[in-house]
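Undergrad: So here's entry02.pdb, just PDB, C-alpha atoms and all ligand atoms:
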```pdb
ATOM      1  CA  MET A 191      -8.875  28.498  16.818
ATOM      2  CA  HIS A 192      -6.218  28.381  14.104
ATOM      3  CA  LYS A 193      -4.206  31.153  15.823
ATOM      4  CA  THR A 194      -4.352  29.259  19.139
ATOM      5  CA  LEU A 195      -3.192  26.032  17.481
ATOM      6  CA  LEU A 196      -0.349  27.865  15.744
ATOM      7  CA  LYS A 197       0.779  29.425  19.013
ATOM      8  CA  ASN A 198       0.674  26.032  20.757
ATOM      9  CA  VAL A 199       2.693  24.456  17.927
ATOM     10  CA  GLN A 200       5.289  27.251  18.149
ATOM     11  CA  ASP A 201       5.501  26.775  21.934
ATOM     12  CA  ILE A 202       6.072  23.029  21.489
ATOM     13  CA  ILE A 203       8.776  23.682  18.876
ATOM     14  CA  ARG A 204      10.571  26.027  21.282
ATOM     15  CA  LYS A 205      10.111  23.777  24.314
ATOM     16  CA  PHE A 206      11.391  20.616  22.663
ATOM     17  CA  ARG A 207      14.038  22.401  20.568
ATOM     18  CA  ILE A 208      12.680  20.841  17.399
ATOM     19  CA  GLN A 209      14.503  23.354  15.189
ATOM     20  CA  GLU A 210      17.850  22.467  16.761
ATOM     21  CA  ALA A 211      17.139  18.730  16.495
ATOM     22  CA  THR A 212      15.999  18.789  12.865
ATOM     23  CA  GLY A 213      17.922  21.737  11.428
ATOM     24  CA  LEU A 214      14.642  23.089   9.985
ATOM     25  CA  ASN A 215      13.651  26.750   9.872
ATOM     26  CA  LEU A 216      10.602  27.777  11.928
ATOM     27  CA  SER A 217       7.995  27.529   9.147
ATOM     28  CA  ASP A 218       9.221  24.065   8.061
ATOM     29  CA  ALA A 219       9.274  22.927  11.708
ATOM     30  CA  ILE A 220       5.648  24.126  12.063
ATOM     31  CA  VAL A 221       4.622  22.158   8.959
ATOM     32  CA  LEU A 222       6.452  19.074  10.298
ATOM     33  CA  LEU A 223       4.663  19.248  13.636
ATOM     34  CA  GLN A 224       1.250  19.979  12.131
ATOM     35  CA  ASP A 225       1.668  16.996   9.783
ATOM     36  CA  PHE A 226       2.551  14.851  12.792
ATOM     37  CA  ILE A 227      -0.547  16.020  14.704
ATOM     38  CA  ASP A 228      -2.777  15.344  11.642
ATOM     39  CA  LEU A 229      -1.253  11.886  11.301
ATOM     40  CA  GLN A 230      -1.865  10.995  14.939
ATOM     41  CA  ALA A 231      -5.479  12.186  14.584
ATOM     42  CA  VAL A 232      -6.015   9.889  11.576
ATOM     43  CA  ASN A 233      -4.371   6.989  13.445
ATOM     44  CA  LEU A 234      -6.740   7.513  16.385
ATOM     45  CA  LEU A 235      -9.811   7.734  14.162
ATOM     46  CA  GLU A 236      -8.871   4.553  12.276
ATOM     47  CA  ARG A 237      -7.620   2.534  15.260
ATOM     48  CA  ARG A 238     -10.784   0.615  16.104
ATOM     49  CA  ARG A 239     -11.478  -0.358  12.483
ATOM     50  CA  PHE A 240      -7.815  -1.363  12.057
ATOM     51  CA  LEU A 241      -7.917  -3.673  15.098
ATOM     52  CA  GLN A 242     -11.161  -5.291  13.931
ATOM     53  CA  ALA A 243      -9.787  -6.062  10.459
ATOM     54  CA  LYS A 244      -8.880  -9.668   9.705
ATOM     55  CA  LYS A 245      -6.791  -9.300   6.560
ATOM     56  CA  ARG A 246      -3.955  -6.851   7.115
ATOM     57  CA  ALA A 247      -0.755  -5.820   5.381
ATOM     58  CA  LEU A 248       2.368  -3.971   6.441
ATOM     59  CA  ILE A 249       4.032  -1.699   3.914
ATOM     60  CA  LEU A 250       7.663  -0.776   4.476
ATOM     61  CA  PRO A 251       9.800   1.727   2.542
ATOM     62  CA  HIS A 252      12.793   0.396   0.608
ATOM     63  CA  CYS A 253      14.869   3.300   1.982
ATOM     64  CA  SER A 254      14.943   1.655   5.443
ATOM     65  CA  ARG A 255      16.916  -1.347   4.186
ATOM     66  CA  LYS A 256      20.392  -1.546   5.673
ATOM     67  CA  TYR A 257      21.849  -1.435   2.160
ATOM     68  CA  MET A 258      20.459   0.276  -0.931
ATOM     69  CA  ASP A 259      22.975  -1.358  -3.292
ATOM     70  CA  SER A 260      23.873  -4.925  -4.277
ATOM     71  CA  ARG A 261      24.777  -5.762  -0.680
ATOM     72  CA  CYS A 262      21.023  -5.976  -0.047
ATOM     73  CA  LYS A 263      20.126  -9.509  -1.138
ATOM     74  CA  ALA A 264      16.385  -8.864  -1.362
ATOM     75  CA  PHE A 265      14.670  -9.999  -4.551
ATOM     76  CA  PHE A 266      12.571  -7.372  -6.334
ATOM     77  CA  ASP A 267       9.439  -8.690  -8.029
ATOM     78  CA  ALA A 268       8.146  -5.922 -10.298
ATOM     79  CA  SER A 269       4.898  -7.775 -10.968
ATOM     80  CA  ILE A 270       3.621  -7.244  -7.368
ATOM     81  CA  PRO A 271       5.668  -4.903  -6.845
ATOM     82  CA  THR A 272       7.779  -5.611  -3.725
ATOM     83  CA  TYR A 273      11.214  -6.490  -2.461
ATOM     84  CA  THR A 274      11.335  -9.822  -0.643
ATOM     85  CA  CYS A 275      13.899  -9.633   2.155
ATOM     86  CA  ALA A 276      16.584 -12.351   2.071
ATOM     87  CA  HIS A 277      17.482 -11.737   5.751
ATOM     88  CA  CYS A 278      21.151 -11.032   5.009
ATOM     89  CA  SER A 279      21.609  -8.669   7.995
ATOM     90  CA  ASN A 280      20.153  -9.199  11.454
ATOM     91  CA  ASP A 281      20.463  -5.477  12.278
ATOM     92  CA  CYS A 282      18.489  -4.360   9.197
ATOM     93  CA  LEU A 283      15.259  -2.566  10.211
ATOM     94  CA  VAL A 284      13.315  -4.008   7.274
ATOM     95  CA  ASN A 285      14.422  -7.518   8.220
ATOM     96  CA  LYS A 286      13.307  -7.021  11.839
ATOM     97  CA  ALA A 287       9.963  -5.445  10.867
ATOM     98  CA  GLU A 288       9.237  -8.118   8.263
ATOM     99  CA  ARG A 289       9.845 -10.973  10.722
ATOM    100  CA  LEU A 290       7.716  -9.295  13.389
ATOM    101  CA  ALA A 291       4.781  -8.600  11.078
ATOM    102  CA  LYS A 292       4.783 -12.031   9.425
ATOM    103  CA  ALA A 293       4.741 -13.694  12.859
ATOM    104  CA  LYS A 294       1.572 -11.668  13.555
ATOM    105  CA  GLY A 295      -0.073 -12.808  10.326
ATOM    106  CA  TYR A 296       0.531  -9.727   8.173
ATOM    107  CA  ASP A 297       1.460  -9.826   4.512
ATOM    108  CA  VAL A 298       4.540  -7.636   4.100
ATOM    109  CA  TYR A 299       5.553  -5.441   1.177
ATOM    110  CA  VAL A 300       8.772  -3.443   0.842
ATOM    111  CA  ILE A 301       8.104  -0.866  -1.833
ATOM    112  CA  PRO A 302      10.115   1.736  -3.724
ATOM    113  CA  GLY A 303       7.290   4.313  -3.801
ATOM    114  CA  GLY A 304       3.683   5.077  -2.842
ATOM    115  CA  SER A 305       2.435   4.438  -6.388
ATOM    116  CA  CYS A 306       3.021   0.705  -5.764
ATOM    117  CA  ILE A 307       0.131   0.627  -3.260
ATOM    118  CA  SER A 308      -2.640   0.815  -5.854
ATOM    119  CA  LYS A 309      -0.949  -1.995  -7.844
ATOM    120  CA  ILE A 310      -0.788  -4.186  -4.729
ATOM    121  CA  PHE A 311      -4.487  -3.553  -4.074
ATOM    122  CA  LYS A 312      -5.434  -4.607  -7.590
ATOM    123  CA  THR A 313      -4.593  -8.220  -6.737
ATOM    124  CA  ASN A 314      -5.032  -8.257  -2.939
ATOM    125  CA  GLN A 315      -7.966  -6.874  -0.997
ATOM    126  CA  TYR A 316      -6.861  -5.860   2.508
ATOM    127  CA  GLU A 317      -9.206  -4.525   5.165
ATOM    128  CA  ALA A 318      -6.372  -2.710   6.927
ATOM    129  CA  VAL A 319      -2.846  -1.522   6.219
ATOM    130  CA  ALA A 320      -0.055  -0.296   8.465
ATOM    131  CA  GLY A 321       2.513   1.747   6.616
ATOM    132  CA  VAL A 322       5.933   3.171   7.398
ATOM    133  CA  ALA A 323       6.990   6.196   5.335
ATOM    134  CA  CYS A 324       8.071   9.827   5.384
ATOM    135  CA  GLY A 325       5.421  12.531   5.900
ATOM    136  CA  GLU A 326       4.926  13.282   2.207
ATOM    137  CA  GLU A 327       4.401   9.628   1.267
ATOM    138  CA  ILE A 328       2.057   9.113   4.221
ATOM    139  CA  LYS A 329      -0.128  12.038   3.126
ATOM    140  CA  LEU A 330      -0.477  10.576  -0.385
ATOM    141  CA  SER A 331      -1.166   7.085   0.975
ATOM    142  CA  VAL A 332      -3.809   8.258   3.478
ATOM    143  CA  ASP A 333      -5.772   9.811   0.595
ATOM    144  CA  ALA A 334      -5.415   6.687  -1.570
ATOM    145  CA  LEU A 335      -6.423   4.289   1.237
ATOM    146  CA  GLY A 336      -9.350   6.509   2.255
ATOM    147  CA  ASN A 337     -10.717   6.254  -1.280
ATOM    148  CA  MET A 338     -10.461   2.444  -1.064
ATOM    149  CA  ASN A 339     -12.175   2.301   2.367
ATOM    150  CA  VAL A 340      -9.136   0.640   3.981
ATOM    151  CA  ALA A 341      -8.306   1.304   7.641
ATOM    152  CA  GLY A 342      -4.794   2.710   7.912
ATOM    153  CA  GLN A 343      -2.195   3.194  10.616
ATOM    154  CA  ALA A 344       0.830   5.320   9.781
ATOM    155  CA  ILE A 345       4.268   5.075  11.340
ATOM    156  CA  PRO A 346       6.399   8.082  10.340
ATOM    157  CA  LEU A 347      10.089   7.817   9.622
ATOM    158  CA  ILE A 348      12.114   9.527  12.328
ATOM    159  CA  LYS A 349      15.029  10.010   9.908
ATOM    160  CA  ASN A 350      14.129  10.863   6.310
ATOM    161  CA  GLY A 351      16.292  11.266   3.253
ATOM    162  CA  CYS A 352      15.468   8.390   0.870
ATOM    163  CA  ALA A 353      18.454   6.291   2.074
ATOM    164  CA  ASN A 354      19.436   4.906   5.469
ATOM    165  CA  THR A 355      16.101   6.067   6.830
ATOM    166  CA  VAL A 356      14.964   5.063  10.292
ATOM    167  CA  PHE A 357      11.659   4.262  11.997
ATOM    168  CA  ASN A 358      10.952   3.435  15.619
ATOM    169  CA  MET A 359      10.562  -0.329  16.111
ATOM    170  CA  GLU A 360       8.722   0.159  19.397
ATOM    171  CA  THR A 361       6.101   2.306  17.628
ATOM    172  CA  LEU A 362       5.739  -0.410  15.002
ATOM    173  CA  VAL A 363       5.349  -3.120  17.643
ATOM    174  CA  GLN A 364       2.609  -1.124  19.389
ATOM    175  CA  THR A 365       0.843  -0.351  16.112
ATOM    176  CA  LEU A 366       0.769  -3.972  14.917
TER
HETATM  177  S1  LIG B 401      18.138  -7.893   5.635
HETATM  178 FE1  LIG B 401      16.760  -7.969   3.845
HETATM  179  S2  LIG B 401      16.184  -5.844   3.359
HETATM  180 FE2  LIG B 401      17.915  -5.802   4.799
HETATM  181  S3  LIG B 401      19.697  -5.538   3.494
HETATM  182 FE3  LIG B 401      19.421  -7.787   3.806
HETATM  183  S4  LIG B 401      18.084  -8.560   2.177
HETATM  184 FE4  LIG B 401      18.031  -6.283   2.159
HETATM  185  S1  LIG B 402      12.160   9.029   2.421
HETATM  186 FE1  LIG B 402      10.001   8.991   1.734
HETATM  187  S2  LIG B 402      10.057   9.500  -0.474
HETATM  188 FE2  LIG B 402      12.160   8.925   0.143
HETATM  189  S3  LIG B 402      12.278   6.729  -0.396
HETATM  190 FE3  LIG B 402      11.725   6.889   1.812
HETATM  191  S4  LIG B 402       9.471   6.825   1.886
HETATM  192 FE4  LIG B 402      10.073   7.243  -0.271
END
```
In structure tokens, write the structure found in this file.
TA:
Amino acid sequence: MHKTLLKNVQDIIRKFRIQEATGLNLSDAIVLLQDFIDLQAVNLLERRRFLQAKKRALILPHCSRKYMDSRCKAFFDASIPTYTCAHCSNDCLVNKAERLAKAKGYDVYVIPGGSCISKIFKTNQYEAVAGVACGEEIKLSVDALGNMNVAGQAIPLIKNGCANTVFNMETLVQTL
């Protein structure tokens, strides 16, 4: 079973030229794709519970802000903790995602790291959370949310690197 899955993953990597697109070596490309498959499986399993939840939050990574320096006018409140977007740039992904989610009734948090999630949950009880992050942060968050019995939907970054990161807005729209 495992050998068959591995062969299928390797075939997909070759077919879609994932190594060329990402610059990863074969073993890292396999890990990337397996993580993606695991993530989609969790999303599918949690989907019904997520859609039935009434109180939901969206968690965005601070690395997807257009600016990571003082040009970003967001206010950081360490007591929550979250950045609150000041809407300084219409083409900022965080700005767009925040507006979209708030219009759909979500509370929105823009956080500097996954450890902020447990702090947020100390003062707010959500039934469901959608989160945008890189693969490593998603893995940590899935474990944390599972322990809190919260339905999760993960949207992976399509460009990592802790600055100027990118996620797919269409995926976010469909998830929310
Ligand atoms: S739009 Fe918001 S998150 Fe983006 S750079 Fe401006 S204040 Fe920061
Ligand atoms: S790339 Fe991942 S670890 Fe780095 S800041 Fe963004 S979410 Fe956090």
Undergrad: Mind giving me the straight-line distance from atom CA of Gly295 of chain A to atom CA of Leu366 of chain A in Å, one decimal?
TA: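 Between atom CA of Gly295 of chain A and atom CA of Leu366 of chain A the gap is 10.0 Å.
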Undergrad: For segment 340-345 of chain A, please output as an NGL selection string all residues within 10 Å (counting only C-alpha atoms; exclusion window: fewer than 6 positions along the same chain).
TA: :A and (229-230 or 232-243 or 246-250 or 315-325 or 328-329 or 331-332 or 334 or 357-359 or 361-362 or 365-366)
Undergrad: Write out as a list in words each polymer residue (protein, DNA or RNA) that has an atom no more than 8 Å from ligand LIG 401 (chain B), with all atoms listed in the file counted.
TA: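 The residues near ligand LIG 401 (chain B) are His252, Ser254, Arg255, Lys256, Tyr257, Met258, Arg261, Cys262, Lys263, Ala264, Phe265, Tyr273, Thr274, Cys275, Ala276, His277, Cys278, Ser279, Asn280, Asp281, Cys282, Leu283, Val284, Asn285 and Lys286 of chain A.
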Undergrad: Enclose the full set of atoms of segment 203-207 of chain A listed in the file within a box whose edges lie along x, y and z, apply 3 Å of padding to each of the six sides, and report centre and edge lengths in Å to one decimal as JSON.
TA:
```
{"center_x": 11.4, "center_y": 23.3, "center_z": 21.6, "size_x": 11.3, "size_y": 11.4, "size_z": 11.4}
```
Undergrad: Would you mind telling me which residue in A:Glu326, A:Pro271, A:Asn337, A:Ile307 lies nearest to Asp225 of chain A when using only C-alpha atoms?
TA: A:Glu326
Undergrad: Taking only C-alpha atoms and all ligand atoms into account, list the residues no farther than 6 Å from ligand LIG 402 (chain B), as a ChimeraX atom specification.
TA: /A:251,253,303,323-324,327,350-352
Undergrad: Write a file of the selected residues as an mmCIF file, in the coordinates of the input, keeping C-alpha atoms.
TA:
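The result, stored in part_27.cif:
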```cif
data_model
loop_
_atom_site.group_PDB
_atom_site.id
_atom_site.type_symbol
_atom_site.label_atom_id
_atom_site.label_comp_id
_atom_site.auth_asym_id
_atom_site.auth_seq_id
_atom_site.Cartn_x
_atom_site.Cartn_y
_atom_site.Cartn_z
ATOM 1 C CA PRO A 251 9.800 1.727 2.542
ATOM 2 C CA CYS A 253 14.869 3.300 1.982
ATOM 3 C CA GLY A 303 7.290 4.313 -3.801
ATOM 4 C CA ALA A 323 6.990 6.196 5.335
ATOM 5 C CA CYS A 324 8.071 9.827 5.384
ATOM 6 C CA GLU A 327 4.401 9.628 1.267
ATOM 7 C CA ASN A 350 14.129 10.863 6.310
ATOM 8 C CA GLY A 351 16.292 11.266 3.253
ATOM 9 C CA CYS A 352 15.468 8.390 0.870
#
```
Undergrad: Using Å and a single decimal, report how far atom CA of Pro302 of chain A sits from atom CA of Lys244 of chain A.
TA: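 Pair atom CA of Lys244 of chain A / atom CA of Pro302 of chain A returns 25.9 Å.
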Undergrad: A:Arg204, A:Lys294, A:Arg289, A:Lys349: which is nearest Leu216 of chain A, counting all atoms listed in the file?
TA: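 Nearest candidate to Leu216 of chain A out of A:Arg204, A:Lys294, A:Arg289, A:Lys349: A:Arg204.
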Undergrad: Limit the output to C-alpha atoms and give segment 237-338 of chain A as an mmCIF file, in the first residue's frame.
TA:
```cif
data_model
loop_
_atom_site.group_PDB
_atom_site.id
_atom_site.type_symbol
_atom_site.label_atom_id
_atom_site.label_comp_id
_atom_site.auth_asym_id
_atom_site.auth_seq_id
_atom_site.Cartn_x
_atom_site.Cartn_y
_atom_site.Cartn_z
ATOM 1 C CA ARG A 237 -15.798 19.859 5.848
ATOM 2 C CA ARG A 238 -19.297 18.972 7.023
ATOM 3 C CA ARG A 239 -18.619 19.958 10.644
ATOM 4 C CA PHE A 240 -16.977 23.195 9.449
ATOM 5 C CA LEU A 241 -20.019 24.167 7.353
ATOM 6 C CA GLN A 242 -22.406 23.424 10.226
ATOM 7 C CA ALA A 243 -20.474 25.603 12.687
ATOM 8 C CA LYS A 244 -21.991 28.957 13.608
ATOM 9 C CA LYS A 245 -19.046 30.721 15.221
ATOM 10 C CA ARG A 246 -16.050 30.722 12.903
ATOM 11 C CA ALA A 247 -12.698 32.454 12.648
ATOM 12 C CA LEU A 248 -10.176 32.973 9.878
ATOM 13 C CA ILE A 249 -6.504 32.958 10.793
ATOM 14 C CA LEU A 250 -4.068 34.582 8.388
ATOM 15 C CA PRO A 251 -0.254 34.592 8.523
ATOM 16 C CA HIS A 252 1.504 37.930 9.003
ATOM 17 C CA CYS A 253 3.976 36.931 6.260
ATOM 18 C CA SER A 254 1.277 37.453 3.589
ATOM 19 C CA ARG A 255 1.015 41.181 4.309
ATOM 20 C CA LYS A 256 2.175 43.321 1.410
ATOM 21 C CA TYR A 257 4.759 44.929 3.692
ATOM 22 C CA MET A 258 6.569 43.410 6.664
ATOM 23 C CA ASP A 259 8.055 46.739 7.798
ATOM 24 C CA SER A 260 6.669 50.106 8.912
ATOM 25 C CA ARG A 261 4.920 50.569 5.569
ATOM 26 C CA CYS A 262 2.316 48.107 6.871
ATOM 27 C CA LYS A 263 -0.029 50.282 8.930
ATOM 28 C CA ALA A 264 -1.647 47.385 10.789
ATOM 29 C CA PHE A 265 -1.869 47.723 14.562
ATOM 30 C CA PHE A 266 -0.482 44.807 16.575
ATOM 31 C CA ASP A 267 -2.353 44.030 19.787
ATOM 32 C CA ALA A 268 -0.176 41.646 21.802
ATOM 33 C CA SER A 269 -2.958 40.967 24.298
ATOM 34 C CA ILE A 270 -5.055 38.999 21.728
ATOM 35 C CA PRO A 271 -2.569 38.561 19.837
ATOM 36 C CA THR A 272 -3.311 39.828 16.297
ATOM 37 C CA TYR A 273 -2.521 42.476 13.742
ATOM 38 C CA THR A 274 -5.532 44.583 12.786
ATOM 39 C CA CYS A 275 -5.263 45.571 9.127
ATOM 40 C CA ALA A 276 -5.486 49.324 8.446
ATOM 41 C CA HIS A 277 -6.313 48.721 4.748
ATOM 42 C CA CYS A 278 -3.380 50.795 3.483
ATOM 43 C CA SER A 279 -2.966 48.782 0.244
ATOM 44 C CA ASN A 280 -5.804 47.489 -1.910
ATOM 45 C CA ASP A 281 -3.544 44.843 -3.497
ATOM 46 C CA CYS A 282 -2.470 43.364 -0.136
ATOM 47 C CA LEU A 283 -3.619 39.723 0.193
ATOM 48 C CA VAL A 284 -4.297 40.079 3.921
ATOM 49 C CA ASN A 285 -6.445 43.146 3.273
ATOM 50 C CA LYS A 286 -8.480 41.307 0.616
ATOM 51 C CA ALA A 287 -8.893 38.155 2.741
ATOM 52 C CA GLU A 288 -9.848 40.136 5.843
ATOM 53 C CA ARG A 289 -12.567 42.090 4.011
ATOM 54 C CA LEU A 290 -13.947 38.923 2.421
ATOM 55 C CA ALA A 291 -14.073 36.953 5.669
ATOM 56 C CA LYS A 292 -15.566 39.766 7.757
ATOM 57 C CA ALA A 293 -18.331 40.231 5.169
ATOM 58 C CA LYS A 294 -19.139 36.529 5.696
ATOM 59 C CA GLY A 295 -19.307 36.924 9.470
ATOM 60 C CA TYR A 296 -15.884 35.547 10.414
ATOM 61 C CA ASP A 297 -13.673 36.987 13.117
ATOM 62 C CA VAL A 298 -10.248 37.534 11.561
ATOM 63 C CA TYR A 299 -6.813 37.224 13.140
ATOM 64 C CA VAL A 300 -3.472 37.985 11.489
ATOM 65 C CA ILE A 301 -0.870 36.235 13.588
ATOM 66 C CA PRO A 302 2.918 36.081 13.727
ATOM 67 C CA GLY A 303 3.042 32.370 14.641
ATOM 68 C CA GLY A 304 1.018 29.233 15.400
ATOM 69 C CA SER A 305 1.563 29.596 19.157
ATOM 70 C CA CYS A 306 -0.878 32.545 19.078
ATOM 71 C CA ILE A 307 -3.786 30.173 18.339
ATOM 72 C CA SER A 308 -4.020 28.735 21.850
ATOM 73 C CA LYS A 309 -3.968 32.289 23.293
ATOM 74 C CA ILE A 310 -6.816 33.333 20.985
ATOM 75 C CA PHE A 311 -8.836 30.293 22.075
ATOM 76 C CA LYS A 312 -8.407 31.148 25.743
ATOM 77 C CA THR A 313 -10.730 34.133 25.322
ATOM 78 C CA ASN A 314 -12.817 33.088 22.293
ATOM 79 C CA GLN A 315 -14.510 29.749 21.767
ATOM 80 C CA TYR A 316 -14.869 29.030 18.041
ATOM 81 C CA GLU A 317 -16.597 25.969 16.631
ATOM 82 C CA ALA A 318 -14.598 26.176 13.408
ATOM 83 C CA VAL A 319 -11.442 27.801 12.087
ATOM 84 C CA ALA A 320 -10.090 28.304 8.586
ATOM 85 C CA GLY A 321 -6.374 28.913 8.532
ATOM 86 C CA VAL A 322 -3.832 29.992 5.942
ATOM 87 C CA ALA A 323 -0.229 28.937 6.602
ATOM 88 C CA CYS A 324 2.783 27.026 5.326
ATOM 89 C CA GLY A 325 2.810 23.217 5.623
ATOM 90 C CA GLU A 326 4.784 23.107 8.870
ATOM 91 C CA GLU A 327 2.500 25.585 10.646
ATOM 92 C CA ILE A 328 -0.598 23.796 9.347
ATOM 93 C CA LYS A 329 0.610 20.467 10.755
ATOM 94 C CA LEU A 330 1.110 22.010 14.211
ATOM 95 C CA SER A 331 -2.256 23.790 14.068
ATOM 96 C CA VAL A 332 -4.189 20.680 12.964
ATOM 97 C CA ASP A 333 -2.913 18.854 16.065
ATOM 98 C CA ALA A 334 -3.753 21.786 18.361
ATOM 99 C CA LEU A 335 -7.265 22.269 16.917
ATOM 100 C CA GLY A 336 -7.958 18.522 17.013
ATOM 101 C CA ASN A 337 -7.230 18.527 20.741
ATOM 102 C CA MET A 338 -9.719 21.397 21.186
#
```
